[in-house]
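What follows is the content of entry.txt, which has compact mmCIF, N, CA and C atoms:
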```
# COMPACT_ATOMS: atom_id res chain seq x y z
N GLN A 1 -68.93 -99.73 -46.32
CA GLN A 1 -67.98 -98.62 -46.16
C GLN A 1 -68.74 -97.37 -45.73
N VAL A 2 -68.19 -96.67 -44.76
CA VAL A 2 -68.81 -95.46 -44.24
C VAL A 2 -68.08 -94.24 -44.79
N GLN A 3 -68.86 -93.27 -45.21
CA GLN A 3 -68.28 -92.01 -45.68
C GLN A 3 -68.87 -90.86 -44.89
N LEU A 4 -68.02 -89.90 -44.56
CA LEU A 4 -68.45 -88.67 -43.91
C LEU A 4 -68.21 -87.53 -44.89
N VAL A 5 -69.26 -86.80 -45.19
CA VAL A 5 -69.15 -85.68 -46.12
C VAL A 5 -69.40 -84.40 -45.34
N GLU A 6 -68.38 -83.57 -45.28
CA GLU A 6 -68.45 -82.31 -44.56
C GLU A 6 -68.74 -81.17 -45.52
N SER A 7 -69.42 -80.18 -45.02
CA SER A 7 -69.66 -78.97 -45.79
C SER A 7 -69.66 -77.78 -44.85
N GLY A 8 -69.47 -76.61 -45.44
CA GLY A 8 -69.40 -75.40 -44.64
C GLY A 8 -67.96 -75.00 -44.44
N GLY A 9 -67.71 -74.18 -43.47
CA GLY A 9 -66.36 -73.66 -43.27
C GLY A 9 -66.10 -72.47 -44.16
N GLY A 10 -64.86 -72.00 -44.15
CA GLY A 10 -64.49 -70.86 -44.95
C GLY A 10 -63.81 -69.80 -44.11
N SER A 11 -63.83 -68.58 -44.62
CA SER A 11 -63.18 -67.47 -43.94
C SER A 11 -64.20 -66.44 -43.51
N VAL A 12 -63.98 -65.88 -42.33
CA VAL A 12 -64.92 -64.90 -41.79
C VAL A 12 -64.15 -63.96 -40.87
N GLN A 13 -64.68 -62.78 -40.67
CA GLN A 13 -64.07 -61.86 -39.73
C GLN A 13 -64.53 -62.18 -38.31
N ALA A 14 -63.75 -61.76 -37.37
CA ALA A 14 -64.08 -61.96 -35.96
C ALA A 14 -65.47 -61.40 -35.67
N GLY A 15 -66.23 -62.16 -34.91
CA GLY A 15 -67.60 -61.78 -34.61
C GLY A 15 -68.62 -62.38 -35.55
N GLY A 16 -68.14 -62.95 -36.65
CA GLY A 16 -69.03 -63.54 -37.63
C GLY A 16 -69.48 -64.94 -37.26
N SER A 17 -70.21 -65.54 -38.19
CA SER A 17 -70.78 -66.87 -37.97
C SER A 17 -70.49 -67.78 -39.15
N LEU A 18 -70.41 -69.06 -38.83
CA LEU A 18 -70.28 -70.10 -39.86
C LEU A 18 -71.06 -71.32 -39.40
N ARG A 19 -71.40 -72.14 -40.38
CA ARG A 19 -72.14 -73.36 -40.08
C ARG A 19 -71.45 -74.53 -40.76
N LEU A 20 -71.16 -75.56 -39.98
CA LEU A 20 -70.56 -76.78 -40.50
C LEU A 20 -71.59 -77.91 -40.45
N SER A 21 -71.60 -78.71 -41.50
CA SER A 21 -72.49 -79.87 -41.53
C SER A 21 -71.70 -81.11 -41.93
N CYS A 22 -72.15 -82.24 -41.42
CA CYS A 22 -71.50 -83.51 -41.74
C CYS A 22 -72.60 -84.56 -41.90
N ALA A 23 -72.53 -85.28 -43.01
CA ALA A 23 -73.49 -86.35 -43.27
C ALA A 23 -72.75 -87.68 -43.35
N ALA A 24 -73.22 -88.64 -42.58
CA ALA A 24 -72.62 -89.97 -42.60
C ALA A 24 -73.47 -90.90 -43.44
N SER A 25 -72.81 -91.61 -44.35
CA SER A 25 -73.54 -92.56 -45.18
C SER A 25 -72.81 -93.88 -45.21
N GLY A 26 -73.55 -94.94 -45.53
CA GLY A 26 -72.94 -96.26 -45.57
C GLY A 26 -73.55 -97.17 -44.53
N SER A 27 -72.80 -98.22 -44.21
CA SER A 27 -73.31 -99.25 -43.32
C SER A 27 -73.05 -98.89 -41.85
N ILE A 28 -73.94 -98.09 -41.30
CA ILE A 28 -73.85 -97.74 -39.88
C ILE A 28 -75.12 -98.22 -39.22
N THR A 29 -74.96 -99.14 -38.30
CA THR A 29 -76.16 -99.70 -37.67
C THR A 29 -76.65 -98.85 -36.51
N SER A 30 -75.74 -98.35 -35.72
CA SER A 30 -76.15 -97.58 -34.56
C SER A 30 -75.05 -96.60 -34.18
N ILE A 31 -75.34 -95.33 -34.32
CA ILE A 31 -74.36 -94.30 -33.99
C ILE A 31 -74.46 -93.94 -32.52
N ASN A 32 -73.34 -94.00 -31.84
CA ASN A 32 -73.30 -93.64 -30.42
C ASN A 32 -73.10 -92.16 -30.21
N ALA A 33 -72.28 -91.55 -31.07
CA ALA A 33 -71.97 -90.14 -30.89
C ALA A 33 -71.52 -89.54 -32.22
N MET A 34 -71.79 -88.26 -32.37
CA MET A 34 -71.31 -87.48 -33.51
C MET A 34 -70.78 -86.18 -32.96
N GLY A 35 -69.72 -85.68 -33.58
CA GLY A 35 -69.17 -84.45 -33.05
C GLY A 35 -68.17 -83.81 -33.99
N TRP A 36 -67.58 -82.74 -33.48
CA TRP A 36 -66.59 -81.97 -34.21
C TRP A 36 -65.35 -81.76 -33.35
N TYR A 37 -64.21 -81.94 -34.00
CA TYR A 37 -62.92 -81.66 -33.40
C TYR A 37 -62.23 -80.63 -34.28
N ARG A 38 -61.23 -79.98 -33.74
CA ARG A 38 -60.47 -79.04 -34.55
C ARG A 38 -58.99 -79.15 -34.22
N GLN A 39 -58.20 -78.75 -35.20
CA GLN A 39 -56.76 -78.74 -35.02
C GLN A 39 -56.19 -77.45 -35.58
N ALA A 40 -55.61 -76.68 -34.69
CA ALA A 40 -54.95 -75.43 -35.09
C ALA A 40 -53.50 -75.74 -35.44
N PRO A 41 -52.88 -74.90 -36.24
CA PRO A 41 -51.47 -75.13 -36.62
C PRO A 41 -50.59 -75.28 -35.38
N GLY A 42 -49.82 -76.35 -35.36
CA GLY A 42 -48.89 -76.57 -34.27
C GLY A 42 -49.51 -77.08 -32.99
N LYS A 43 -50.80 -77.37 -33.04
CA LYS A 43 -51.48 -77.84 -31.83
C LYS A 43 -52.11 -79.21 -32.06
N GLN A 44 -52.47 -79.85 -30.96
CA GLN A 44 -53.12 -81.14 -31.05
C GLN A 44 -54.59 -80.98 -31.39
N ARG A 45 -55.14 -82.02 -31.98
CA ARG A 45 -56.57 -82.01 -32.26
C ARG A 45 -57.34 -82.01 -30.94
N GLU A 46 -58.39 -81.20 -30.88
CA GLU A 46 -59.16 -81.08 -29.64
C GLU A 46 -60.65 -81.16 -29.92
N LEU A 47 -61.37 -81.63 -28.92
CA LEU A 47 -62.82 -81.68 -29.03
C LEU A 47 -63.40 -80.28 -29.03
N VAL A 48 -64.32 -80.04 -29.95
CA VAL A 48 -65.07 -78.79 -29.96
C VAL A 48 -66.45 -79.01 -29.36
N ALA A 49 -67.17 -79.96 -29.91
CA ALA A 49 -68.51 -80.26 -29.42
C ALA A 49 -68.87 -81.67 -29.84
N ARG A 50 -69.70 -82.30 -29.01
CA ARG A 50 -70.04 -83.69 -29.24
C ARG A 50 -71.46 -83.91 -28.75
N ILE A 51 -72.20 -84.72 -29.49
CA ILE A 51 -73.54 -85.07 -29.06
C ILE A 51 -73.63 -86.58 -29.04
N SER A 52 -73.98 -87.10 -27.89
CA SER A 52 -73.96 -88.53 -27.66
C SER A 52 -75.35 -89.04 -27.33
N SER A 53 -75.64 -90.24 -27.78
CA SER A 53 -76.95 -90.82 -27.47
C SER A 53 -77.13 -91.04 -25.98
N GLY A 54 -76.01 -91.31 -25.29
CA GLY A 54 -76.13 -91.62 -23.88
C GLY A 54 -75.97 -90.44 -22.95
N THR A 55 -75.10 -89.51 -23.29
CA THR A 55 -74.74 -88.46 -22.33
C THR A 55 -75.10 -87.06 -22.79
N GLY A 56 -75.79 -86.93 -23.92
CA GLY A 56 -76.19 -85.61 -24.36
C GLY A 56 -75.07 -84.86 -25.04
N THR A 57 -75.03 -83.54 -24.84
CA THR A 57 -74.04 -82.72 -25.52
C THR A 57 -72.95 -82.26 -24.56
N ASN A 58 -71.76 -82.09 -25.09
CA ASN A 58 -70.72 -81.43 -24.32
C ASN A 58 -69.88 -80.57 -25.26
N TYR A 59 -69.37 -79.51 -24.71
CA TYR A 59 -68.64 -78.50 -25.47
C TYR A 59 -67.31 -78.20 -24.80
N ALA A 60 -66.36 -77.81 -25.61
CA ALA A 60 -65.12 -77.26 -25.06
C ALA A 60 -65.48 -75.97 -24.33
N ASP A 61 -64.81 -75.71 -23.23
CA ASP A 61 -65.09 -74.49 -22.47
C ASP A 61 -64.95 -73.25 -23.33
N SER A 62 -64.02 -73.28 -24.25
CA SER A 62 -63.73 -72.10 -25.06
C SER A 62 -64.85 -71.75 -26.05
N VAL A 63 -65.77 -72.67 -26.29
CA VAL A 63 -66.83 -72.40 -27.26
C VAL A 63 -68.22 -72.36 -26.63
N LYS A 64 -68.30 -72.63 -25.35
CA LYS A 64 -69.61 -72.62 -24.68
C LYS A 64 -70.26 -71.26 -24.83
N GLY A 65 -71.53 -71.29 -25.17
CA GLY A 65 -72.28 -70.06 -25.35
C GLY A 65 -72.16 -69.45 -26.74
N ARG A 66 -71.23 -69.96 -27.53
CA ARG A 66 -71.04 -69.41 -28.88
C ARG A 66 -71.36 -70.45 -29.96
N PHE A 67 -71.11 -71.71 -29.67
CA PHE A 67 -71.34 -72.77 -30.64
C PHE A 67 -72.51 -73.64 -30.19
N THR A 68 -73.25 -74.15 -31.17
CA THR A 68 -74.35 -75.06 -30.89
C THR A 68 -74.26 -76.27 -31.81
N ILE A 69 -74.29 -77.44 -31.23
CA ILE A 69 -74.25 -78.66 -32.02
C ILE A 69 -75.65 -79.28 -32.04
N SER A 70 -76.01 -79.82 -33.18
CA SER A 70 -77.30 -80.49 -33.30
C SER A 70 -77.15 -81.71 -34.20
N ARG A 71 -78.06 -82.61 -34.04
CA ARG A 71 -77.97 -83.87 -34.78
C ARG A 71 -79.35 -84.26 -35.30
N GLU A 72 -79.39 -84.75 -36.51
CA GLU A 72 -80.63 -85.26 -37.08
C GLU A 72 -80.45 -86.76 -37.28
N ASN A 73 -81.03 -87.52 -36.39
CA ASN A 73 -80.78 -88.96 -36.36
C ASN A 73 -81.24 -89.66 -37.63
N ALA A 74 -82.38 -89.26 -38.15
CA ALA A 74 -82.94 -89.94 -39.31
C ALA A 74 -82.03 -89.82 -40.54
N LYS A 75 -81.25 -88.74 -40.59
CA LYS A 75 -80.37 -88.52 -41.74
C LYS A 75 -78.90 -88.74 -41.41
N ASN A 76 -78.62 -89.11 -40.18
CA ASN A 76 -77.23 -89.29 -39.74
C ASN A 76 -76.38 -88.05 -40.04
N THR A 77 -76.91 -86.91 -39.68
CA THR A 77 -76.18 -85.66 -39.89
C THR A 77 -75.94 -84.95 -38.57
N VAL A 78 -74.87 -84.20 -38.53
CA VAL A 78 -74.56 -83.39 -37.38
C VAL A 78 -74.15 -82.00 -37.88
N THR A 79 -74.63 -80.99 -37.19
CA THR A 79 -74.38 -79.61 -37.60
C THR A 79 -73.77 -78.83 -36.44
N LEU A 80 -72.82 -77.98 -36.77
CA LEU A 80 -72.22 -77.11 -35.76
C LEU A 80 -72.44 -75.67 -36.20
N GLN A 81 -73.26 -74.96 -35.45
CA GLN A 81 -73.48 -73.54 -35.70
C GLN A 81 -72.51 -72.76 -34.84
N MET A 82 -71.68 -71.96 -35.49
CA MET A 82 -70.63 -71.23 -34.80
C MET A 82 -70.92 -69.74 -34.91
N SER A 83 -71.01 -69.07 -33.77
CA SER A 83 -71.29 -67.65 -33.74
C SER A 83 -70.21 -66.94 -32.92
N SER A 84 -70.17 -65.63 -33.05
CA SER A 84 -69.19 -64.82 -32.31
C SER A 84 -67.80 -65.41 -32.45
N LEU A 85 -67.43 -65.72 -33.67
CA LEU A 85 -66.16 -66.39 -33.92
C LEU A 85 -64.99 -65.49 -33.56
N LYS A 86 -63.94 -66.14 -33.07
CA LYS A 86 -62.72 -65.45 -32.66
C LYS A 86 -61.54 -65.98 -33.50
N PRO A 87 -60.49 -65.21 -33.62
CA PRO A 87 -59.31 -65.69 -34.36
C PRO A 87 -58.78 -67.03 -33.83
N GLU A 88 -58.92 -67.24 -32.53
CA GLU A 88 -58.43 -68.50 -31.95
C GLU A 88 -59.30 -69.69 -32.31
N ASP A 89 -60.41 -69.47 -32.99
CA ASP A 89 -61.22 -70.58 -33.49
C ASP A 89 -60.69 -71.11 -34.82
N THR A 90 -59.70 -70.45 -35.35
CA THR A 90 -59.13 -70.87 -36.63
C THR A 90 -58.52 -72.26 -36.53
N GLY A 91 -58.76 -73.05 -37.56
CA GLY A 91 -58.19 -74.39 -37.61
C GLY A 91 -58.92 -75.26 -38.62
N VAL A 92 -58.50 -76.49 -38.69
CA VAL A 92 -59.20 -77.47 -39.52
C VAL A 92 -60.18 -78.22 -38.62
N TYR A 93 -61.41 -78.24 -39.03
CA TYR A 93 -62.47 -78.87 -38.25
C TYR A 93 -62.80 -80.24 -38.86
N TYR A 94 -62.84 -81.24 -38.00
CA TYR A 94 -63.07 -82.61 -38.43
C TYR A 94 -64.35 -83.16 -37.83
N CYS A 95 -65.15 -83.75 -38.67
CA CYS A 95 -66.34 -84.45 -38.20
C CYS A 95 -65.91 -85.81 -37.66
N ASN A 96 -66.57 -86.24 -36.60
CA ASN A 96 -66.25 -87.51 -35.95
C ASN A 96 -67.53 -88.27 -35.67
N VAL A 97 -67.52 -89.55 -36.02
CA VAL A 97 -68.68 -90.41 -35.78
C VAL A 97 -68.21 -91.67 -35.07
N VAL A 98 -68.92 -92.01 -34.01
CA VAL A 98 -68.60 -93.22 -33.25
C VAL A 98 -69.78 -94.16 -33.29
N ALA A 99 -69.50 -95.37 -33.75
CA ALA A 99 -70.47 -96.47 -33.69
C ALA A 99 -69.65 -97.65 -33.18
N ALA A 100 -69.58 -97.71 -31.85
CA ALA A 100 -68.66 -98.63 -31.20
C ALA A 100 -68.74 -100.04 -31.79
N PRO A 101 -67.54 -100.64 -32.03
CA PRO A 101 -66.21 -100.16 -31.68
C PRO A 101 -65.52 -99.33 -32.76
N TYR A 102 -66.28 -98.84 -33.71
CA TYR A 102 -65.68 -98.14 -34.85
C TYR A 102 -65.75 -96.62 -34.68
N VAL A 103 -64.75 -95.96 -35.26
CA VAL A 103 -64.68 -94.51 -35.24
C VAL A 103 -64.30 -94.05 -36.65
N TRP A 104 -65.02 -93.05 -37.14
CA TRP A 104 -64.72 -92.50 -38.45
C TRP A 104 -64.45 -90.99 -38.35
N TRP A 105 -63.61 -90.52 -39.25
CA TRP A 105 -63.26 -89.09 -39.31
C TRP A 105 -63.53 -88.56 -40.71
N GLY A 106 -64.00 -87.32 -40.75
CA GLY A 106 -64.12 -86.64 -42.02
C GLY A 106 -62.76 -86.17 -42.50
N GLN A 107 -62.73 -85.61 -43.70
CA GLN A 107 -61.47 -85.18 -44.29
C GLN A 107 -61.01 -83.84 -43.74
N GLY A 108 -61.89 -83.13 -43.07
CA GLY A 108 -61.54 -81.84 -42.48
C GLY A 108 -61.95 -80.68 -43.37
N THR A 109 -62.36 -79.61 -42.72
CA THR A 109 -62.72 -78.40 -43.44
C THR A 109 -62.09 -77.20 -42.72
N GLN A 110 -61.54 -76.29 -43.49
CA GLN A 110 -60.80 -75.18 -42.90
C GLN A 110 -61.75 -74.07 -42.45
N VAL A 111 -61.50 -73.57 -41.27
CA VAL A 111 -62.18 -72.39 -40.75
C VAL A 111 -61.11 -71.36 -40.41
N THR A 112 -61.24 -70.20 -40.99
CA THR A 112 -60.27 -69.13 -40.75
C THR A 112 -61.01 -67.89 -40.28
N VAL A 113 -60.63 -67.39 -39.11
CA VAL A 113 -61.25 -66.20 -38.54
C VAL A 113 -60.18 -65.12 -38.45
N SER A 114 -60.43 -64.02 -39.12
CA SER A 114 -59.47 -62.92 -39.13
C SER A 114 -59.90 -61.82 -38.17
N SER A 115 -58.91 -61.16 -37.62
CA SER A 115 -59.21 -60.11 -36.63
C SER A 115 -59.43 -58.77 -37.31
```

If you convert what's in this file into structure tokens, what do you get?
Amino acid sequence: QVQLVESGGGSVQAGGSLRLSCAASGSITSINAMGWYRQAPGKQRELVARISSGTGTNYADSVKGRFTISRENAKNTVTLQMSSLKPEDTGVYYCNVVAAPYVWWGQGTQVTVSS
């Protein structure tokens, strides 16, 4: 059984920073990609940032230059450093791990940015 444990998140004023971390534990033989998605109220879940063994990193256009994703392979962890946060970054952030053909999701952590 695979578990994803997320930490970080919270409330911050616009312009502030937050750091999200996700640790994957359990029977994972080979992780293809780790990343973060978010879902704002009334909107669909969207990719924020992803780091893949094959294709490197990719970011949503809205977060480029402000967010940085990193991964520590030995510990199966992924971190999202978020800076210059905006109110539109508010939402529930979900950790995502892909070890084809399997996909796992974290329980989600709330990020709230006030203006």

Q: Using atom CA of Ala99 of chain A and atom CA of Arg38 of chain A as the two end points, give the distance in Å to one decimal.
A: 20.1 Å

Q. With all atoms listed in the file as the atoms that count, which of A:Cys95, A:Ile28, A:Ala100, A:Val111 lies nearest to Glu6 of chain A?
A. A:Cys95

Q. Taking (-71.6, -82.5, -28.7) in the file's coordinates, which residues come within 7 Å, counting only N, CA and C atoms, written as JSON, numbers by chain?
A. {"A": [34, 35, 36, 48, 49, 50, 51, 52, 56, 57, 58, 59, 69, 70]}

Q) Could you state the separation of atom C of Ser115 of chain A and atom CA of Met82 of chain A in Å, given to one decimal place? A)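 Atom C of Ser115 of chain A sits 16.9 Å away from atom CA of Met82 of chain A.
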
Q: Any chance you could list, as a list in words, the residues in chain A that come up helix (DSSP H, G or I) when DSSP is run on the backbone?
A: Asp61, Ser62, Val63, Asn73, Ala74, Lys75, Pro87, Glu88 and Asp89 of chain A

Give me, as CSV, each residue of segment 38-70 of chain A that comes within 8 Å of segment 83-91 of chain A, together with its shortest interatomic pair and the distance in Å at one decimal, counting only N, CA and C atoms, with rows ordered by chain and rising residue number.
```
residue,atom,partner,partner_atom,distance
A:Arg38,CA,A:Gly91,C,5.8
A:Gln39,C,A:Gly91,CA,4.2
A:Ala40,CA,A:Gly91,CA,4.2
A:Pro41,N,A:Gly91,CA,5.5
A:Gly65,C,A:Ser83,C,6.9
A:Arg66,C,A:Ser83,N,4.1
A:Phe67,CA,A:Ser83,N,4.9
A:Thr68,N,A:Ser83,N,6.1
```

Q. Using all atoms listed in the file, which residue out of A:Asn73, A:Gln81, A:Tyr37, A:Ser53 lies closest to Tyr94 of chain A?
A.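 Ranking A:Asn73, A:Gln81, A:Tyr37, A:Ser53 by distance to Tyr94 of chain A, first place goes to A:Tyr37.
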
Q) Given the choices A:Gly42, A:Gly10, A:Gly108, A:Gly26, which gets closest to Val92 of chain A if the distance is worked out from only C-alpha atoms? A) A:Gly108

Q: Give me, please, the distance in Å between atom CA of Trp104 of chain A and atom N of Ser11 of chain A, quoted to one decimal.
A: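 Distance reported for this atom pair: 24.7 Å.
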
Q | Nearest to Val78 of chain A by atom-to-atom distance, counting only N, CA and C atoms, from A:Ser21, A:Ser62, A:Ser27, A:Ser7 | A |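 With only N, CA and C atoms as the atom set, the closest residue is A:Ser21.
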
Generate N, CA, C and O atoms for segment 63-75 of chain A and emit them as a JSON list (two decimals), in the frame of the given file.
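The new file result.json reads:
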```json
[["chain", "number", "residue", "atom", "x", "y", "z"],
["A", 63, "VAL", "N", -65.77, -72.67, -26.29],
["A", 63, "VAL", "CA", -66.83, -72.40, -27.26],
["A", 63, "VAL", "C", -68.22, -72.36, -26.63],
["A", 63, "VAL", "O", -69.20, -72.06, -27.32],
["A", 64, "LYS", "N", -68.30, -72.63, -25.35],
["A", 64, "LYS", "CA", -69.61, -72.62, -24.68],
["A", 64, "LYS", "C", -70.26, -71.26, -24.83],
["A", 64, "LYS", "O", -69.64, -70.23, -24.63],
["A", 65, "GLY", "N", -71.53, -71.29, -25.17],
["A", 65, "GLY", "CA", -72.28, -70.06, -25.35],
["A", 65, "GLY", "C", -72.16, -69.45, -26.74],
["A", 65, "GLY", "O", -72.89, -68.51, -27.07],
["A", 66, "ARG", "N", -71.23, -69.96, -27.53],
["A", 66, "ARG", "CA", -71.04, -69.41, -28.88],
["A", 66, "ARG", "C", -71.36, -70.45, -29.96],
["A", 66, "ARG", "O", -71.81, -70.08, -31.06],
["A", 67, "PHE", "N", -71.11, -71.71, -29.67],
["A", 67, "PHE", "CA", -71.34, -72.77, -30.64],
["A", 67, "PHE", "C", -72.51, -73.64, -30.19],
["A", 67, "PHE", "O", -72.72, -73.85, -28.99],
["A", 68, "THR", "N", -73.25, -74.15, -31.17],
["A", 68, "THR", "CA", -74.35, -75.06, -30.89],
["A", 68, "THR", "C", -74.26, -76.27, -31.81],
["A", 68, "THR", "O", -74.18, -76.10, -33.04],
["A", 69, "ILE", "N", -74.29, -77.44, -31.23],
["A", 69, "ILE", "CA", -74.25, -78.66, -32.02],
["A", 69, "ILE", "C", -75.65, -79.28, -32.04],
["A", 69, "ILE", "O", -76.37, -79.23, -31.04],
["A", 70, "SER", "N", -76.01, -79.82, -33.18],
["A", 70, "SER", "CA", -77.30, -80.49, -33.30],
["A", 70, "SER", "C", -77.15, -81.71, -34.20],
["A", 70, "SER", "O", -76.23, -81.78, -35.01],
["A", 71, "ARG", "N", -78.06, -82.61, -34.04],
["A", 71, "ARG", "CA", -77.97, -83.87, -34.78],
["A", 71, "ARG", "C", -79.35, -84.26, -35.30],
["A", 71, "ARG", "O", -80.35, -84.09, -34.60],
["A", 72, "GLU", "N", -79.39, -84.75, -36.51],
["A", 72, "GLU", "CA", -80.63, -85.26, -37.08],
["A", 72, "GLU", "C", -80.45, -86.76, -37.28],
["A", 72, "GLU", "O", -79.77, -87.20, -38.22],
["A", 73, "ASN", "N", -81.03, -87.52, -36.39],
["A", 73, "ASN", "CA", -80.78, -88.96, -36.36],
["A", 73, "ASN", "C", -81.24, -89.66, -37.63],
["A", 73, "ASN", "O", -80.57, -90.55, -38.14],
["A", 74, "ALA", "N", -82.38, -89.26, -38.15],
["A", 74, "ALA", "CA", -82.94, -89.94, -39.31],
["A", 74, "ALA", "C", -82.03, -89.82, -40.54],
["A", 74, "ALA", "O", -82.03, -90.70, -41.41],
["A", 75, "LYS", "N", -81.25, -88.74, -40.59],
["A", 75, "LYS", "CA", -80.37, -88.52, -41.74],
["A", 75, "LYS", "C", -78.90, -88.74, -41.41],
["A", 75, "LYS", "O", -78.04, -88.54, -42.26]]
```
